[in-house]
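Undergrad: For reference, this is protein26.pdb, and it has PDB, C-alpha atoms.
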```pdb
MODEL        1
ATOM      1  CA  MET Q   1      84.127 102.051 113.911
ATOM      2  CA  SER Q   2      87.323 101.728 111.945
ATOM      3  CA  SER Q   3      89.814  98.909 112.621
ATOM      4  CA  VAL Q   4      93.380  98.094 111.655
ATOM      5  CA  GLU Q   5      92.196  95.480 109.162
ATOM      6  CA  HIS Q   6      89.756  97.966 107.640
ATOM      7  CA  GLU Q   7      92.381 100.686 107.269
ATOM      8  CA  VAL Q   8      94.944  98.288 105.790
ATOM      9  CA  LEU Q   9      92.475  97.034 103.176
ATOM     10  CA  VAL Q  10      91.496 100.590 102.248
ATOM     11  CA  ASP Q  11      95.187 101.471 101.989
ATOM     12  CA  LEU Q  12      95.779  98.490  99.695
ATOM     13  CA  PHE Q  13      93.279  99.896  97.182
ATOM     14  CA  ARG Q  14      94.450 103.472  97.688
ATOM     15  CA  SER Q  15      98.048 102.522  96.875
ATOM     16  CA  ASN Q  16      96.935 100.607  93.769
ATOM     17  CA  PRO Q  17      93.413 101.569  92.593
ATOM     18  CA  LYS Q  18      93.862  99.364  89.511
ATOM     19  CA  LEU Q  19      93.269  96.455  91.876
ATOM     20  CA  VAL Q  20      89.535  97.131  91.461
ATOM     21  CA  PHE Q  21      89.804  96.357  87.755
ATOM     22  CA  GLU Q  22      91.734  93.153  88.411
ATOM     23  CA  LEU Q  23      88.847  92.003  90.588
ATOM     24  CA  LYS Q  24      86.097  93.261  88.273
ATOM     25  CA  PRO Q  25      87.430  92.783  84.730
ATOM     26  CA  LYS Q  26      83.996  93.607  83.282
ATOM     27  CA  ILE Q  27      84.429  97.260  84.268
ATOM     28  CA  GLU Q  28      85.490  98.969  81.071
ATOM     29  CA  LEU Q  29      88.702 100.949  81.329
ATOM     30  CA  PRO Q  30      88.980 103.411  78.425
ATOM     31  CA  THR Q  31      92.199 103.499  76.440
ATOM     32  CA  VAL Q  32      94.643 106.125  77.700
ATOM     33  CA  ALA Q  33      92.622 106.554  80.878
ATOM     34  CA  GLU Q  34      93.865 108.069  84.118
ATOM     35  CA  ILE Q  35      92.795 106.550  87.437
ATOM     36  CA  VAL Q  36      92.540 109.128  90.206
ATOM     37  CA  ILE Q  37      91.885 108.889  93.956
ATOM     38  CA  ASN Q  38      89.582 111.741  94.985
ATOM     39  CA  GLU Q  39      88.440 113.259  98.254
ATOM     40  CA  SER Q  40      85.782 111.046  99.831
ATOM     41  CA  ASP Q  41      83.595 114.011 100.873
ATOM     42  CA  LEU Q  42      80.645 113.742  98.512
ATOM     43  CA  THR Q  43      78.841 116.866  99.741
ATOM     44  CA  ASP Q  44      79.954 120.111 101.335
ATOM     45  CA  VAL Q  45      78.474 119.095 104.686
ATOM     46  CA  THR Q  46      79.455 115.419 104.877
ATOM     47  CA  PRO Q  47      80.234 114.403 108.507
ATOM     48  CA  ALA Q  48      83.516 112.501 108.952
ATOM     49  CA  HIS Q  49      81.725 109.282 109.955
ATOM     50  CA  GLN Q  50      79.637 109.352 106.745
ATOM     51  CA  ARG Q  51      82.462 109.618 104.242
ATOM     52  CA  ALA Q  52      83.097 106.863 101.739
ATOM     53  CA  ASP Q  53      86.323 104.908 102.124
ATOM     54  CA  LEU Q  54      87.585 105.732  98.622
ATOM     55  CA  VAL Q  55      86.279 107.573  95.588
ATOM     56  CA  ILE Q  56      88.018 106.558  92.368
ATOM     57  CA  THR Q  57      87.462 108.351  89.083
ATOM     58  CA  ILE Q  58      88.412 107.187  85.615
ATOM     59  CA  ASN Q  59      89.416 110.263  83.660
ATOM     60  CA  ARG Q  60      90.071 110.729  79.977
ATOM     61  CA  HIS Q  61      90.923 113.960  78.199
ATOM     62  CA  GLN Q  62      90.596 115.795  81.537
ATOM     63  CA  ALA Q  63      86.986 114.670  81.946
ATOM     64  CA  VAL Q  64      85.557 112.161  84.432
ATOM     65  CA  ARG Q  65      84.203 109.166  82.511
ATOM     66  CA  ARG Q  66      83.249 106.886  85.394
ATOM     67  CA  VAL Q  67      83.142 106.974  89.195
ATOM     68  CA  ILE Q  68      83.691 104.103  91.609
ATOM     69  CA  VAL Q  69      82.783 104.580  95.252
ATOM     70  CA  LEU Q  70      84.659 101.867  97.134
ATOM     71  CA  GLU Q  71      83.726 100.654 100.601
ATOM     72  CA  VAL Q  72      85.530  98.063 102.728
ATOM     73  CA  GLN Q  73      82.952  96.337 104.928
ATOM     74  CA  LEU Q  74      84.052  93.793 107.548
ATOM     75  CA  ARG Q  75      80.781  93.351 109.451
ATOM     76  CA  VAL Q  76      77.044  93.700 108.960
ATOM     77  CA  ASP Q  77      76.092  97.323 109.626
ATOM     78  CA  ARG Q  78      72.473  98.336 108.988
ATOM     79  CA  GLU Q  79      73.441 102.009 109.037
ATOM     80  CA  LYS Q  80      75.150 101.482 105.689
ATOM     81  CA  GLU Q  81      71.739 100.787 104.157
ATOM     82  CA  TRP Q  82      71.099 104.516 104.671
ATOM     83  CA  SER Q  83      74.533 105.917 103.834
ATOM     84  CA  TRP Q  84      75.392 103.834 100.753
ATOM     85  CA  PRO Q  85      72.590 105.283  98.566
ATOM     86  CA  HIS Q  86      73.799 108.732  99.670
ATOM     87  CA  TYR Q  87      77.371 107.906  98.583
ATOM     88  CA  LEU Q  88      76.118 106.729  95.204
ATOM     89  CA  THR Q  89      73.907 109.710  94.398
ATOM     90  CA  GLY Q  90      76.344 112.182  95.969
ATOM     91  CA  ALA Q  91      79.215 110.969  93.776
ATOM     92  CA  ARG Q  92      77.019 110.939  90.684
ATOM     93  CA  ALA Q  93      75.898 114.523  91.320
ATOM     94  CA  LYS Q  94      79.409 115.742  92.162
ATOM     95  CA  PHE Q  95      81.203 114.244  89.157
ATOM     96  CA  ARG Q  96      78.248 114.029  86.727
ATOM     97  CA  ALA Q  97      79.303 110.633  85.426
ATOM     98  CA  PRO Q  98      78.103 107.015  85.634
ATOM     99  CA  THR Q  99      78.730 105.805  89.185
ATOM    100  CA  GLN Q 100      79.126 102.409  90.839
ATOM    101  CA  LEU Q 101      79.319 101.475  94.511
ATOM    102  CA  ILE Q 102      81.685  98.537  95.069
ATOM    103  CA  VAL Q 103      81.829  96.865  98.484
ATOM    104  CA  ILE Q 104      84.835  94.738  99.494
ATOM    105  CA  CYS Q 105      84.034  92.072 102.114
ATOM    106  CA  SER Q 106      86.434  89.590 103.695
ATOM    107  CA  LYS Q 107      83.668  87.356 105.087
ATOM    108  CA  ARG Q 108      81.009  85.499 103.117
ATOM    109  CA  LYS Q 109      78.201  86.336 105.560
ATOM    110  CA  VAL Q 110      78.905  90.059 105.244
ATOM    111  CA  ALA Q 111      79.117  89.789 101.446
ATOM    112  CA  GLU Q 112      75.711  88.103 101.286
ATOM    113  CA  TRP Q 113      74.169  90.905 103.350
ATOM    114  CA  ALA Q 114      75.875  93.671 101.337
ATOM    115  CA  ALA Q 115      74.560  92.183  98.080
ATOM    116  CA  LEU Q 116      70.911  92.542  99.157
ATOM    117  CA  PRO Q 117      68.982  95.328  97.394
ATOM    118  CA  ILE Q 118      68.452  98.472  99.469
ATOM    119  CA  HIS Q 119      64.785  99.436  99.257
ATOM    120  CA  LEU Q 120      64.304 103.189  98.917
ATOM    121  CA  GLY Q 121      60.539 103.168  98.621
ATOM    122  CA  ASP Q 122      57.911 102.142  96.073
ATOM    123  CA  ASP Q 123      59.779 100.454  93.203
ATOM    124  CA  ASN Q 124      63.120 102.150  93.833
ATOM    125  CA  ASN Q 125      66.047  99.991  94.905
ATOM    126  CA  VAL Q 126      69.812 100.367  95.082
ATOM    127  CA  ARG Q 127      72.166  97.459  94.504
ATOM    128  CA  THR Q 128      75.854  97.439  95.290
ATOM    129  CA  VAL Q 129      78.545  95.481  93.466
ATOM    130  CA  VAL Q 130      79.986  93.131  96.080
ATOM    131  CA  ILE Q 131      83.442  91.565  95.977
ATOM    132  CA  GLY Q 132      83.643  88.935  98.703
ATOM    133  CA  PRO Q 133      85.722  85.819  99.380
ATOM    134  CA  ASP Q 134      84.063  83.994  96.487
ATOM    135  CA  GLN Q 135      85.099  86.738  94.060
ATOM    136  CA  ILE Q 136      88.647  87.195  95.386
ATOM    137  CA  PRO Q 137      90.825  84.526  93.734
ATOM    138  CA  ARG Q 138      93.153  82.259  95.647
ATOM    139  CA  MET Q 139      96.560  83.199  94.230
ATOM    140  CA  MET Q 140      98.253  79.781  94.203
ATOM    141  CA  ASP Q 141     100.684  80.250  91.315
ATOM    142  CA  PRO Q 142     103.969  81.960  92.351
ATOM    143  CA  LYS Q 143     104.497  83.505  88.905
ATOM    144  CA  GLN Q 144     101.033  85.071  88.834
ATOM    145  CA  ALA Q 145     101.540  86.191  92.422
ATOM    146  CA  MET Q 146     104.653  88.188  91.558
ATOM    147  CA  GLU Q 147     102.943  89.735  88.535
ATOM    148  CA  SER Q 148     100.005  90.969  90.657
ATOM    149  CA  PRO Q 149     101.431  91.665  94.146
ATOM    150  CA  HIS Q 150      98.520  93.753  95.458
ATOM    151  CA  LEU Q 151      95.961  91.164  94.366
ATOM    152  CA  THR Q 152      98.113  88.440  95.931
ATOM    153  CA  ILE Q 153      98.340  90.326  99.226
ATOM    154  CA  LEU Q 154      94.556  90.829  99.230
ATOM    155  CA  SER Q 155      94.104  87.122  98.503
ATOM    156  CA  ALA Q 156      96.318  86.199 101.471
ATOM    157  CA  LEU Q 157      94.493  88.627 103.776
ATOM    158  CA  VAL Q 158      91.154  87.021 102.918
ATOM    159  CA  HIS Q 159      92.123  83.363 102.397
ATOM    160  CA  ASN Q 160      94.350  82.566 105.379
ATOM    161  CA  HIS Q 161      92.290  80.240 107.562
ATOM    162  CA  GLN Q 162      92.615  76.756 106.021
ATOM    163  CA  GLU Q 163      95.522  74.384 105.416
ATOM    164  CA  ALA Q 164      94.678  74.378 101.699
ATOM    165  CA  ASP Q 165      95.540  78.085 101.705
ATOM    166  CA  PHE Q 166      99.243  77.529 102.562
ATOM    167  CA  PRO Q 167     100.394  78.504  99.038
ATOM    168  CA  VAL Q 168      98.156  81.592  99.114
ATOM    169  CA  ILE Q 169      99.647  82.760 102.415
ATOM    170  CA  LEU Q 170     103.232  82.086 101.359
ATOM    171  CA  ASN Q 171     102.687  83.853  98.029
ATOM    172  CA  GLY Q 172     101.128  86.774  99.897
ATOM    173  CA  LEU Q 173     104.150  87.068 102.176
ATOM    174  CA  THR Q 174     106.442  86.920  99.153
ATOM    175  CA  ALA Q 175     104.383  89.601  97.390
ATOM    176  CA  THR Q 176     105.024  92.037 100.242
ATOM    177  CA  SER Q 177     108.578  92.319  98.897
ATOM    178  CA  GLN Q 178     107.133  93.917  95.750
ATOM    179  CA  VAL Q 179     105.663  96.937  97.554
ATOM    180  CA  ASP Q 180     107.411  99.689  99.492
ATOM    181  CA  ASN Q 181     108.964  98.897 102.883
ATOM    182  CA  GLU Q 182     106.447 100.722 105.053
ATOM    183  CA  HIS Q 183     103.430  99.055 103.488
ATOM    184  CA  GLY Q 184     105.124  95.667 103.085
ATOM    185  CA  SER Q 185     105.740  95.273 106.808
ATOM    186  CA  ILE Q 186     102.148  96.189 107.671
ATOM    187  CA  TYR Q 187     100.687  93.804 105.094
ATOM    188  CA  ALA Q 188     102.908  90.926 106.270
ATOM    189  CA  ASP Q 189     101.928  91.502 109.905
ATOM    190  CA  LEU Q 190      98.212  91.502 109.083
ATOM    191  CA  ILE Q 191      98.466  88.392 106.914
ATOM    192  CA  MET Q 192     100.079  86.471 109.776
ATOM    193  CA  ALA Q 193      97.698  87.921 112.372
ATOM    194  CA  GLY Q 194      94.845  86.060 110.689
ATOM    195  CA  VAL Q 195      96.618  82.693 110.454
ATOM    196  CA  PRO Q 196      95.476  80.145 113.099
ATOM    197  CA  GLU Q 197      98.179  79.001 115.537
ATOM    198  CA  ALA Q 198      98.237  75.415 114.240
ATOM    199  CA  MET Q 199      98.806  76.618 110.683
ATOM    200  CA  ARG Q 200     101.496  79.013 111.840
ATOM    201  CA  ARG Q 201     103.375  76.167 113.541
ATOM    202  CA  ALA Q 202     103.125  74.062 110.397
ATOM    203  CA  MET Q 203     104.516  76.924 108.317
ATOM    204  CA  GLU Q 204     107.389  77.370 110.751
ATOM    205  CA  GLU Q 205     108.146  73.656 110.474
ATOM    206  CA  MET Q 206     108.300  73.956 106.685
ATOM    207  CA  LEU Q 207     110.805  76.780 107.038
ATOM    208  CA  MET Q 208     112.902  74.878 109.556
ATOM    209  CA  LYS Q 209     113.084  71.904 107.191
ATOM    210  CA  GLY Q 210     114.055  74.139 104.293
ATOM    211  CA  GLN Q 211     110.944  73.149 102.329
ATOM    212  CA  TYR Q 212     110.216  76.799 101.531
ATOM    213  CA  GLU Q 213     112.269  79.984 101.408
ATOM    214  CA  LEU Q 214     110.555  83.302 102.040
ATOM    215  CA  GLN Q 215     111.443  86.046  99.565
ATOM    216  CA  SER Q 216     110.035  88.967 101.572
ATOM    217  CA  ASP Q 217     112.410  90.671 104.003
ATOM    218  CA  TRP Q 218     109.492  91.457 106.292
ATOM    219  CA  ALA Q 219     108.156  87.904 106.250
ATOM    220  CA  ARG Q 220     111.628  86.510 106.929
ATOM    221  CA  GLN Q 221     112.021  88.926 109.811
ATOM    222  CA  TYR Q 222     108.675  87.831 111.233
ATOM    223  CA  PHE Q 223     109.614  84.153 111.209
ATOM    224  CA  ASP Q 224     113.192  84.745 112.288
ATOM    225  CA  GLN Q 225     111.878  86.302 115.493
ATOM    226  CA  GLY Q 226     109.759  83.223 116.126
ATOM    227  CA  LEU Q 227     112.424  80.718 115.138
ATOM    228  CA  ALA Q 228     115.374  82.249 116.917
ATOM    229  CA  GLN Q 229     113.600  84.045 119.787
ATOM    230  CA  GLY Q 230     116.548  85.313 121.805
ATOM    231  CA  ILE Q 231     119.076  85.178 118.973
ATOM    232  CA  GLU Q 232     118.719  88.858 118.133
ATOM    233  CA  LYS Q 233     120.813  89.483 115.051
ATOM    234  CA  GLY Q 234     123.088  86.726 116.371
ATOM    235  CA  ILE Q 235     123.311  84.776 113.160
ATOM    236  CA  GLU Q 236     124.255  87.898 111.209
ATOM    237  CA  LYS Q 237     126.914  88.992 113.707
ATOM    238  CA  GLY Q 238     128.282  85.543 114.452
ATOM    239  CA  ILE Q 239     126.712  82.297 115.541
ATOM    240  CA  GLU Q 240     128.529  82.090 118.866
ATOM    241  CA  LYS Q 241     127.487  85.563 119.968
ATOM    242  CA  GLY Q 242     123.928  84.900 118.870
ATOM    243  CA  ILE Q 243     123.743  81.615 120.746
ATOM    244  CA  GLU Q 244     124.860  83.300 123.973
ATOM    245  CA  LYS Q 245     122.034  85.794 123.652
ATOM    246  CA  GLY Q 246     119.585  83.062 122.683
ATOM    247  CA  ILE Q 247     120.478  80.918 125.701
ATOM    248  CA  GLU Q 248     120.349  83.859 128.072
ATOM    249  CA  LYS Q 249     116.948  85.060 126.955
ATOM    250  CA  GLY Q 250     115.563  81.566 126.404
ATOM    251  CA  ILE Q 251     116.434  80.502 129.969
ATOM    252  CA  GLU Q 252     115.139  83.742 131.453
ATOM    253  CA  ARG Q 253     111.780  83.363 129.773
ATOM    254  CA  GLY Q 254     111.623  79.601 130.019
ATOM    255  CA  GLU Q 255     110.552  79.425 126.393
ATOM    256  CA  ALA Q 256     111.373  75.878 125.473
ATOM    257  CA  ARG Q 257     109.690  76.252 122.120
ATOM    258  CA  GLY Q 258     111.777  79.245 121.201
ATOM    259  CA  THR Q 259     115.001  77.453 122.110
ATOM    260  CA  ALA Q 260     113.962  74.415 120.066
ATOM    261  CA  ARG Q 261     113.366  76.600 117.044
ATOM    262  CA  ALA Q 262     116.712  78.298 117.550
ATOM    263  CA  ILE Q 263     118.455  74.899 117.540
ATOM    264  CA  CYS Q 264     116.821  73.953 114.246
ATOM    265  CA  ALA Q 265     117.577  77.360 112.737
ATOM    266  CA  VAL Q 266     121.287  77.194 113.652
ATOM    267  CA  LEU Q 267     121.670  73.643 112.346
ATOM    268  CA  GLN Q 268     119.953  74.581 109.100
ATOM    269  CA  LEU Q 269     122.181  77.618 108.652
ATOM    270  CA  ARG Q 270     125.252  75.416 109.197
ATOM    271  CA  GLY Q 271     124.012  73.030 106.509
ATOM    272  CA  LEU Q 272     123.238  70.132 108.878
ATOM    273  CA  VAL Q 273     120.113  68.287 107.771
ATOM    274  CA  LEU Q 274     117.668  67.014 110.388
ATOM    275  CA  SER Q 275     115.382  64.054 109.828
ATOM    276  CA  ASP Q 276     111.671  64.383 110.587
ATOM    277  CA  ASP Q 277     112.150  62.336 113.776
ATOM    278  CA  GLN Q 278     115.019  64.566 114.924
ATOM    279  CA  VAL Q 279     113.006  67.743 114.310
ATOM    280  CA  ARG Q 280     110.128  66.225 116.257
ATOM    281  CA  GLU Q 281     112.405  65.241 119.154
ATOM    282  CA  ILE Q 282     113.764  68.781 119.401
ATOM    283  CA  THR Q 283     110.478  70.651 119.011
ATOM    284  CA  GLU Q 284     108.581  68.393 121.424
ATOM    285  CA  CYS Q 285     111.244  68.577 124.157
ATOM    286  CA  THR Q 286     110.252  70.621 127.230
ATOM    287  CA  ASP Q 287     113.427  70.040 129.261
ATOM    288  CA  SER Q 288     115.141  73.451 129.331
ATOM    289  CA  SER Q 289     118.492  71.946 130.433
ATOM    290  CA  ARG Q 290     118.578  69.522 127.549
ATOM    291  CA  LEU Q 291     117.527  72.226 125.099
ATOM    292  CA  SER Q 292     120.272  74.532 126.352
ATOM    293  CA  ALA Q 293     122.856  71.752 125.934
ATOM    294  CA  TRP Q 294     121.611  71.046 122.409
ATOM    295  CA  LEU Q 295     121.778  74.728 121.560
ATOM    296  CA  GLN Q 296     125.443  74.878 122.618
ATOM    297  CA  LEU Q 297     126.248  71.703 120.681
ATOM    298  CA  ALA Q 298     124.478  73.065 117.592
ATOM    299  CA  VAL Q 299     127.311  75.574 117.191
ATOM    300  CA  THR Q 300     130.114  72.996 116.985
ATOM    301  CA  ALA Q 301     128.471  69.688 116.019
ATOM    302  CA  GLN Q 302     129.788  68.210 112.768
ATOM    303  CA  SER Q 303     126.570  66.287 112.132
ATOM    304  CA  ALA Q 304     123.005  66.144 113.390
ATOM    305  CA  ALA Q 305     123.712  62.706 114.851
ATOM    306  CA  GLU Q 306     126.448  64.194 117.058
ATOM    307  CA  LEU Q 307     123.840  66.422 118.657
ATOM    308  CA  PHE Q 308     122.015  63.356 119.964
ATOM    309  CA  GLY Q 309     125.184  61.506 121.013
ATOM    310  CA  ASN Q 310     124.950  58.946 118.202
TER
ENDMDL
END
```
How does this structure look as structure tokens?

TA:
Amino acid sequence: MSSVEHEVLVDLFRSNPKLVFELKPKIELPTVAEIVINESDLTDVTPAHQRADLVITINRHQAVRRVIVLEVQLRVDREKEWSWPHYLTGARAKFRAPTQLIVICSKRKVAEWAALPIHLGDDNNVRTVVIGPDQIPRMMDPKQAMESPHLTILSALVHNHQEADFPVILNGLTATSQVDNEHGSIYADLIMAGVPEAMRRAMEEMLMKGQYELQSDWARQYFDQGLAQGIEKGIEKGIEKGIEKGIEKGIERGEARGTARAICAVLQLRGLVLSDDQVREITECTDSSRLSAWLQLAVTAQSAAELFGN
């Protein structure tokens, strides 16, 4: 059964099929070659549930030189041991060119299974080319990330579970600004959907302290909603108007965390620097009355110390 993650990963390769060659540099790409996405029906009677995810051909001089059948596999599925050989031979017969089956896996366990030979009988076996977490690089360098946005987004979709992956996630969010708006928003949402809550809070804290600035409009929008909660477009239209909305919605929902983030966001936008202890005091406060008072003071306070009555 298809899933959102599956469809997004397929779409990532469909929108930039050259991504396959970034991941598998040993695949020879002829000079002056054309990379084409083809129909995934490999026979005239292929049922919808037995179609390959993508069929990529490398064409030169109007002739197909190589075929890549690409599958995104997120879980172990024994049925694929029957359909994958069919994809391989079907594509080879249809295009009459050397053919490879490449399987993209986001989990190591699935990659290990997909790499096992498929026994056809007697001495006949089929092997897939597997690209799993160990083959997908962690894009830590911001310059490289901007040069290869699709690879960086893929890296962030796969490597977004550990604290050491902070740079990968942030680079992935930044890279979404390099693709079109519709796809960028979807990629940013899926990247953040896989980030554990504790890591998400730590990232938000970095943003509140001004330790990192997101370049992607979609990523900024995502965090702005979390940081400001009820301040819907308030900072753009005027801090006072935004604060009124933030207080109203924050009190209605009783979201102390959202109000705390709004306080930090407003102070940062006004150029007032908070110490680590002050940020901690605000974000750990659960008293809605105190938070509301701080939020009002954040609009007019001349210093962070004034907020705390110092």

Undergrad: Using all atoms listed in the file, which of Q:Leu297, Q:Leu291, Q:Leu19, Q:Ile131 sits nearest Ala260 (chain Q)?

TA: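 Checking each candidate against Ala260 (chain Q), we get Q:Leu291 as the closest.
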
Undergrad: Under the rule that all atoms listed in the file are counted, which of Q:Pro98, Q:Ala193, Q:Trp113, Q:Leu23 is the nearest residue to Pro137 (chain Q)?

TA: Q:Leu23

Undergrad: Taking all atoms listed in the file into account, name the residue in Q:Asn181, Q:Thr259, Q:Gln162, Q:Ser83 that is nearest to Glu284 (chain Q).

TA: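 Residue with the minimum atom-to-atom distance to Glu284 (chain Q): Q:Thr259.
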
Undergrad: Which residues of region 85-148 of chain Q come within 12 Å of region 65-74 of chain Q, and for each one, what is the closest pair of atoms and their distance in Å to one decimal, counting all atoms listed in the file, sorted by chain and residue number, as JSON lines?

TA:
```
{"residue": "Q:Pro85", "atom": "CA", "partner": "Q:Val69", "partner_atom": "CA", "distance": 10.7}
{"residue": "Q:His86", "atom": "CA", "partner": "Q:Val69", "partner_atom": "CA", "distance": 10.8}
{"residue": "Q:Tyr87", "atom": "CA", "partner": "Q:Val69", "partner_atom": "CA", "distance": 7.2}
{"residue": "Q:Leu88", "atom": "CA", "partner": "Q:Val69", "partner_atom": "CA", "distance": 7.0}
{"residue": "Q:Thr89", "atom": "CA", "partner": "Q:Val69", "partner_atom": "CA", "distance": 10.3}
{"residue": "Q:Gly90", "atom": "CA", "partner": "Q:Val69", "partner_atom": "CA", "distance": 10.0}
{"residue": "Q:Ala91", "atom": "CA", "partner": "Q:Val67", "partner_atom": "CA", "distance": 7.2}
{"residue": "Q:Arg92", "atom": "CA", "partner": "Q:Val67", "partner_atom": "CA", "distance": 7.4}
{"residue": "Q:Ala93", "atom": "CA", "partner": "Q:Val67", "partner_atom": "CA", "distance": 10.7}
{"residue": "Q:Lys94", "atom": "CA", "partner": "Q:Val67", "partner_atom": "CA", "distance": 10.0}
{"residue": "Q:Phe95", "atom": "CA", "partner": "Q:Val67", "partner_atom": "CA", "distance": 7.5}
{"residue": "Q:Arg96", "atom": "CA", "partner": "Q:Arg65", "partner_atom": "CA", "distance": 8.8}
{"residue": "Q:Ala97", "atom": "CA", "partner": "Q:Arg66", "partner_atom": "CA", "distance": 5.4}
{"residue": "Q:Pro98", "atom": "CA", "partner": "Q:Arg66", "partner_atom": "CA", "distance": 5.2}
{"residue": "Q:Thr99", "atom": "CA", "partner": "Q:Val67", "partner_atom": "CA", "distance": 4.6}
{"residue": "Q:Gln100", "atom": "CA", "partner": "Q:Ile68", "partner_atom": "CA", "distance": 4.9}
{"residue": "Q:Leu101", "atom": "CA", "partner": "Q:Val69", "partner_atom": "CA", "distance": 4.7}
{"residue": "Q:Ile102", "atom": "CA", "partner": "Q:Leu70", "partner_atom": "CA", "distance": 4.9}
{"residue": "Q:Val103", "atom": "CA", "partner": "Q:Glu71", "partner_atom": "CA", "distance": 4.7}
{"residue": "Q:Ile104", "atom": "CA", "partner": "Q:Val72", "partner_atom": "CA", "distance": 4.7}
{"residue": "Q:Cys105", "atom": "CA", "partner": "Q:Gln73", "partner_atom": "CA", "distance": 5.2}
{"residue": "Q:Ser106", "atom": "CA", "partner": "Q:Leu74", "partner_atom": "CA", "distance": 6.2}
{"residue": "Q:Lys107", "atom": "CA", "partner": "Q:Leu74", "partner_atom": "CA", "distance": 6.9}
{"residue": "Q:Arg108", "atom": "CA", "partner": "Q:Leu74", "partner_atom": "CA", "distance": 9.9}
{"residue": "Q:Lys109", "atom": "CA", "partner": "Q:Leu74", "partner_atom": "CA", "distance": 9.7}
{"residue": "Q:Val110", "atom": "CA", "partner": "Q:Leu74", "partner_atom": "CA", "distance": 6.8}
{"residue": "Q:Ala111", "atom": "CA", "partner": "Q:Gln73", "partner_atom": "CA", "distance": 8.3}
{"residue": "Q:Glu112", "atom": "CA", "partner": "Q:Gln73", "partner_atom": "CA", "distance": 11.6}
{"residue": "Q:Trp113", "atom": "CA", "partner": "Q:Gln73", "partner_atom": "CA", "distance": 10.4}
{"residue": "Q:Ala114", "atom": "CA", "partner": "Q:Gln73", "partner_atom": "CA", "distance": 8.4}
{"residue": "Q:Ala115", "atom": "CA", "partner": "Q:Gln73", "partner_atom": "CA", "distance": 11.6}
{"residue": "Q:Thr128", "atom": "CA", "partner": "Q:Val69", "partner_atom": "CA", "distance": 10.0}
{"residue": "Q:Val129", "atom": "CA", "partner": "Q:Leu70", "partner_atom": "CA", "distance": 9.6}
{"residue": "Q:Val130", "atom": "CA", "partner": "Q:Glu71", "partner_atom": "CA", "distance": 9.5}
{"residue": "Q:Ile131", "atom": "CA", "partner": "Q:Val72", "partner_atom": "CA", "distance": 9.6}
{"residue": "Q:Gly132", "atom": "CA", "partner": "Q:Gln73", "partner_atom": "CA", "distance": 9.7}
{"residue": "Q:Pro133", "atom": "CA", "partner": "Q:Leu74", "partner_atom": "CA", "distance": 11.5}
```

Undergrad: Using Å and a single decimal, report how far CA of Val76 (chain Q) sits from CA of Asn125 (chain Q).

TA: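 CA of Val76 (chain Q) lies at a distance of 18.9 Å from CA of Asn125 (chain Q).
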
Undergrad: Figure out the distance between CA of Ile153 (chain Q) and CA of Met139 (chain Q), please, to one decimal in Å.

TA: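 Separating CA of Met139 (chain Q) from CA of Ile153 (chain Q) is a distance of 8.9 Å.
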
Undergrad: Between Q:Trp82, Q:Leu29, Q:Lys24, Q:Asp11, single out the one closest to Leu54 (chain Q), counting only C-alpha atoms.

TA: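 Of the candidates, the smallest distance to Leu54 (chain Q) is held by Q:Asp11.
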
Undergrad: For the atom pair CA of Asn160 (chain Q) and CA of Val8 (chain Q), what is the interatomic distance in Å to one decimal place?

TA: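 Those two atoms sit 15.7 Å apart.
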
Undergrad: Go through region 105-183 of chain Q residue by residue and, counting all atoms listed in the file, keep those with an atom at most 9 Å from region 12-17 of chain Q; for each kept residue give the shortest atom pair and its distance in Å to one decimal, ordered by chain and increasing number, as JSON lines.

TA:
```
{"residue": "Q:His150", "atom": "CA", "partner": "Q:Leu12", "partner_atom": "CA", "distance": 6.9}
{"residue": "Q:Ile153", "atom": "CA", "partner": "Q:Leu12", "partner_atom": "CA", "distance": 8.6}
{"residue": "Q:Leu154", "atom": "CA", "partner": "Q:Leu12", "partner_atom": "CA", "distance": 7.8}
{"residue": "Q:His183", "atom": "CA", "partner": "Q:Leu12", "partner_atom": "CA", "distance": 8.6}
```

Undergrad: Mind giving me the axis-aligned box for region 293-309 of chain Q with 6 Å on every side, centre plus edges in Å to one decimal, as JSON?

TA:
```
{"center_x": 125.9, "center_y": 68.5, "center_z": 119.0, "size_x": 20.5, "size_y": 26.1, "size_z": 25.8}
```

Undergrad: Name the closest residue to Pro167 (chain Q) among the candidates Q:Glu197, Q:Asp141, Q:Glu7, Q:Glu28; distances are taken between atoms, counting all atoms listed in the file.

TA: Q:Asp141
